[in-house]
Amino acid sequence: MAGVDRPGGDGPELEAVGGRCAYQGAPGAFSHEACTDLRPWDEAVAYDTFESAIAALMAGDVGCALIPVENSTIGRVEPAATLVEGANLTVVSEVWRPIRLALMAPAGASLRTVKTAESHPVALRQCPASLAALGITPVEAFDTAGAARAVAEAGDLSRAAVAPARAAEVYGLSILRNDIQDSEDNRTRFVLLSTKAA
């Protein structure tokens, strides 16, 4: 994990843009967690898409980007993996992180009231059996934490989100069930990207 979790281990090329690290998603997303946990000295900068996070790095708006490329349950994280391969960027470091999915909804909701669960397609592919067992229909959204934000804003007790537990704290949701991922060993590989050679 050299260069991901050590202050001073990055070199001047990753400090050139004031310690800013791009990630895809809303605050509370798994990529946001990875940025704040692995690079607490950087400002984590959110982008709506993987394309815009990588474009910000290439334009020099941020010094690095932390992007998920592989998951132990579903394989490649697309379109992120393909974008990283085609971007001609340097992979400075990589790390596998455990991914624990939580089912969350507005206060007052219960497993009896929830009919749908919104999340990023990659997250939904990590918990289809759990959602089916609960009788909950998956609904695709642009991001895990973005889904949590949308569910919180709607206040509809029939809607839930599948996201990191931290997203429930960020958006004021109640966790109805923790660890709904189908695999106990659910992990994602994140790569730290730079425009400079390592």
# chains A, B, ... in the order shown; residues from 1 in each chain; ligands from 1
>>> residues_around(residues="A:Val114", least_positions_apart="5", cutoff="8 Å", atoms="only C-alpha atoms", output="PyMOL selection string")
chain A and resi 105+109+136+157-160
>>> select_by_dssp(residues="chain A", states="helix (DSSP H, G or I)", output="VMD selection string")
chain A and resid 12 to 15 30 to 38 50 to 59 80 to 86 121 to 124 128 to 134 144 to 154 165 to 171
>>> closest_atom_pairs(of="stretch 59-89 of chain A", to="stretch 182-191 of chain A", cutoff="9 Å", atoms="only C-alpha atoms", output="JSON lines")
{"residue": "A:Ala65", "atom": "CA", "partner": "A:Val191", "partner_atom": "CA", "distance": 8.0}
{"residue": "A:Leu66", "atom": "CA", "partner": "A:Val191", "partner_atom": "CA", "distance": 5.6}
{"residue": "A:Ile67", "atom": "CA", "partner": "A:Phe190", "partner_atom": "CA", "distance": 5.3}
{"residue": "A:Pro68", "atom": "CA", "partner": "A:Phe190", "partner_atom": "CA", "distance": 4.2}
{"residue": "A:Val69", "atom": "CA", "partner": "A:Arg189", "partner_atom": "CA", "distance": 5.9}
{"residue": "A:Glu70", "atom": "CA", "partner": "A:Arg189", "partner_atom": "CA", "distance": 5.1}
{"residue": "A:Asn71", "atom": "CA", "partner": "A:Thr188", "partner_atom": "CA", "distance": 4.2}
{"residue": "A:Ser72", "atom": "CA", "partner": "A:Arg187", "partner_atom": "CA", "distance": 5.3}
{"residue": "A:Thr73", "atom": "CA", "partner": "A:Asn186", "partner_atom": "CA", "distance": 5.9}
{"residue": "A:Val77", "atom": "CA", "partner": "A:Thr188", "partner_atom": "CA", "distance": 8.7}
{"residue": "A:Val84", "atom": "CA", "partner": "A:Val191", "partner_atom": "CA", "distance": 8.9}
>>> closest_residue(among="A:Ser110, A:Ser93, A:Asn88, A:Thr82", to="A:Leu192", atoms="only C-alpha atoms")
A:Ser93
>>> select_by_dssp(residues="stretch 64-182 of chain A", states="strand (DSSP E or B)", output="compact mmCIF listing (two decimals) with C-alpha atoms, in the first residue's frame")
# COMPACT_ATOMS: atom_id res chain seq x y z
CA CYS A 64 -4.51 11.82 -8.02
CA ALA A 65 -7.63 9.70 -8.40
CA LEU A 66 -8.72 6.62 -6.46
CA ILE A 67 -10.81 4.36 -8.71
CA PRO A 68 -12.34 0.89 -8.10
CA VAL A 69 -11.44 -1.57 -10.87
CA GLU A 70 -12.19 -5.08 -9.58
CA ASN A 71 -14.53 -6.76 -7.09
CA GLY A 75 -15.08 -9.29 -11.29
CA ARG A 76 -14.27 -6.11 -13.22
CA THR A 90 0.28 5.64 -13.88
CA VAL A 91 -1.01 3.23 -11.26
CA VAL A 92 0.93 4.47 -8.24
CA SER A 93 -0.52 1.93 -5.84
CA GLU A 94 -3.44 -0.40 -5.28
CA VAL A 95 -5.34 -1.79 -2.32
CA TRP A 96 -8.10 -4.35 -1.72
CA ARG A 97 -10.79 -3.08 0.67
CA PRO A 98 -13.63 -5.03 2.30
CA ALA A 102 -26.09 -2.03 4.29
CA LEU A 103 -29.79 -1.72 3.52
CA MET A 104 -30.96 1.71 4.70
CA ALA A 105 -34.21 3.66 4.60
CA THR A 116 -37.34 -1.35 -3.66
CA ALA A 117 -33.62 -0.89 -3.00
CA GLU A 118 -31.65 1.65 -5.03
CA SER A 119 -27.91 1.52 -5.64
CA THR A 137 -36.75 -5.22 -6.07
CA PRO A 138 -33.36 -3.71 -7.05
CA VAL A 139 -33.38 -0.31 -8.80
CA GLU A 140 -30.23 1.03 -10.47
CA ARG A 159 -37.79 2.95 -0.83
CA ALA A 160 -34.42 1.86 0.54
CA ALA A 161 -30.81 2.19 -0.58
CA VAL A 162 -27.90 -0.26 -0.63
CA ALA A 163 -24.80 1.66 0.42
CA SER A 174 -31.82 4.07 9.49
CA ILE A 175 -30.01 0.83 8.76
CA LEU A 176 -32.51 -1.99 8.35
CA ARG A 177 -29.91 -4.69 7.80
>>> residues_around(residues="A:Gln181", least_positions_apart="6", cutoff="6 Å", atoms="only C-alpha atoms", output="PyMOL selection string")
chain A and resi 101+126-127
>>> residues_around(residues="stretch 51-60 of chain A", least_positions_apart="5", cutoff="10 Å", atoms="only C-alpha atoms", output="number ranges by chain")
A: 16-17, 20-25, 45-46, 65-67, 79-80, 83-84, 87-89, 193-195
>>> closest_residue(among="A:Gly19, A:Pro128, A:Gly86, A:Gly108", to="A:Thr36", atoms="only C-alpha atoms")
A:Gly19
>>> residues_around(residues="A:His120", least_positions_apart="6", cutoff="8 Å", atoms="only C-alpha atoms", output="list of chain:residue names")
A:Glu140, A:Ala141, A:Phe142, A:Asp143, A:Thr144, A:Ala147
>>> write_last_selection(atoms="N, CA and C atoms", output="PDB file, in the first residue's frame")
ATOM      1  N   GLU A 140     -31.549   0.453 -10.214  1.00  0.00           N
ATOM      2  CA  GLU A 140     -30.227   1.029 -10.472  1.00  0.00           C
ATOM      3  C   GLU A 140     -30.212   2.541 -10.296  1.00  0.00           C
ATOM      4  N   ALA A 141     -29.124   3.028  -9.710  1.00  0.00           N
ATOM      5  CA  ALA A 141     -28.875   4.455  -9.520  1.00  0.00           C
ATOM      6  C   ALA A 141     -27.429   4.740  -9.919  1.00  0.00           C
ATOM      7  N   PHE A 142     -27.046   6.015  -9.993  1.00  0.00           N
ATOM      8  CA  PHE A 142     -25.701   6.354 -10.452  1.00  0.00           C
ATOM      9  C   PHE A 142     -24.623   6.033  -9.430  1.00  0.00           C
ATOM     10  N   ASP A 143     -25.015   5.866  -8.150  1.00  0.00           N
ATOM     11  CA  ASP A 143     -24.006   5.750  -7.108  1.00  0.00           C
ATOM     12  C   ASP A 143     -24.650   5.200  -5.841  1.00  0.00           C
ATOM     13  N   THR A 144     -23.870   4.539  -5.004  1.00  0.00           N
ATOM     14  CA  THR A 144     -24.399   4.004  -3.743  1.00  0.00           C
ATOM     15  C   THR A 144     -24.863   5.130  -2.817  1.00  0.00           C
ATOM     16  N   ALA A 147     -27.737   7.150  -4.154  1.00  0.00           N
ATOM     17  CA  ALA A 147     -29.018   6.477  -3.921  1.00  0.00           C
ATOM     18  C   ALA A 147     -29.497   6.738  -2.503  1.00  0.00           C
TER      19      ALA A 147
END
>>> closest_residue(among="A:Ala129, A:Ala165, A:Val62, A:Val151", to="A:Ala107", atoms="only C-alpha atoms")
A:Val151
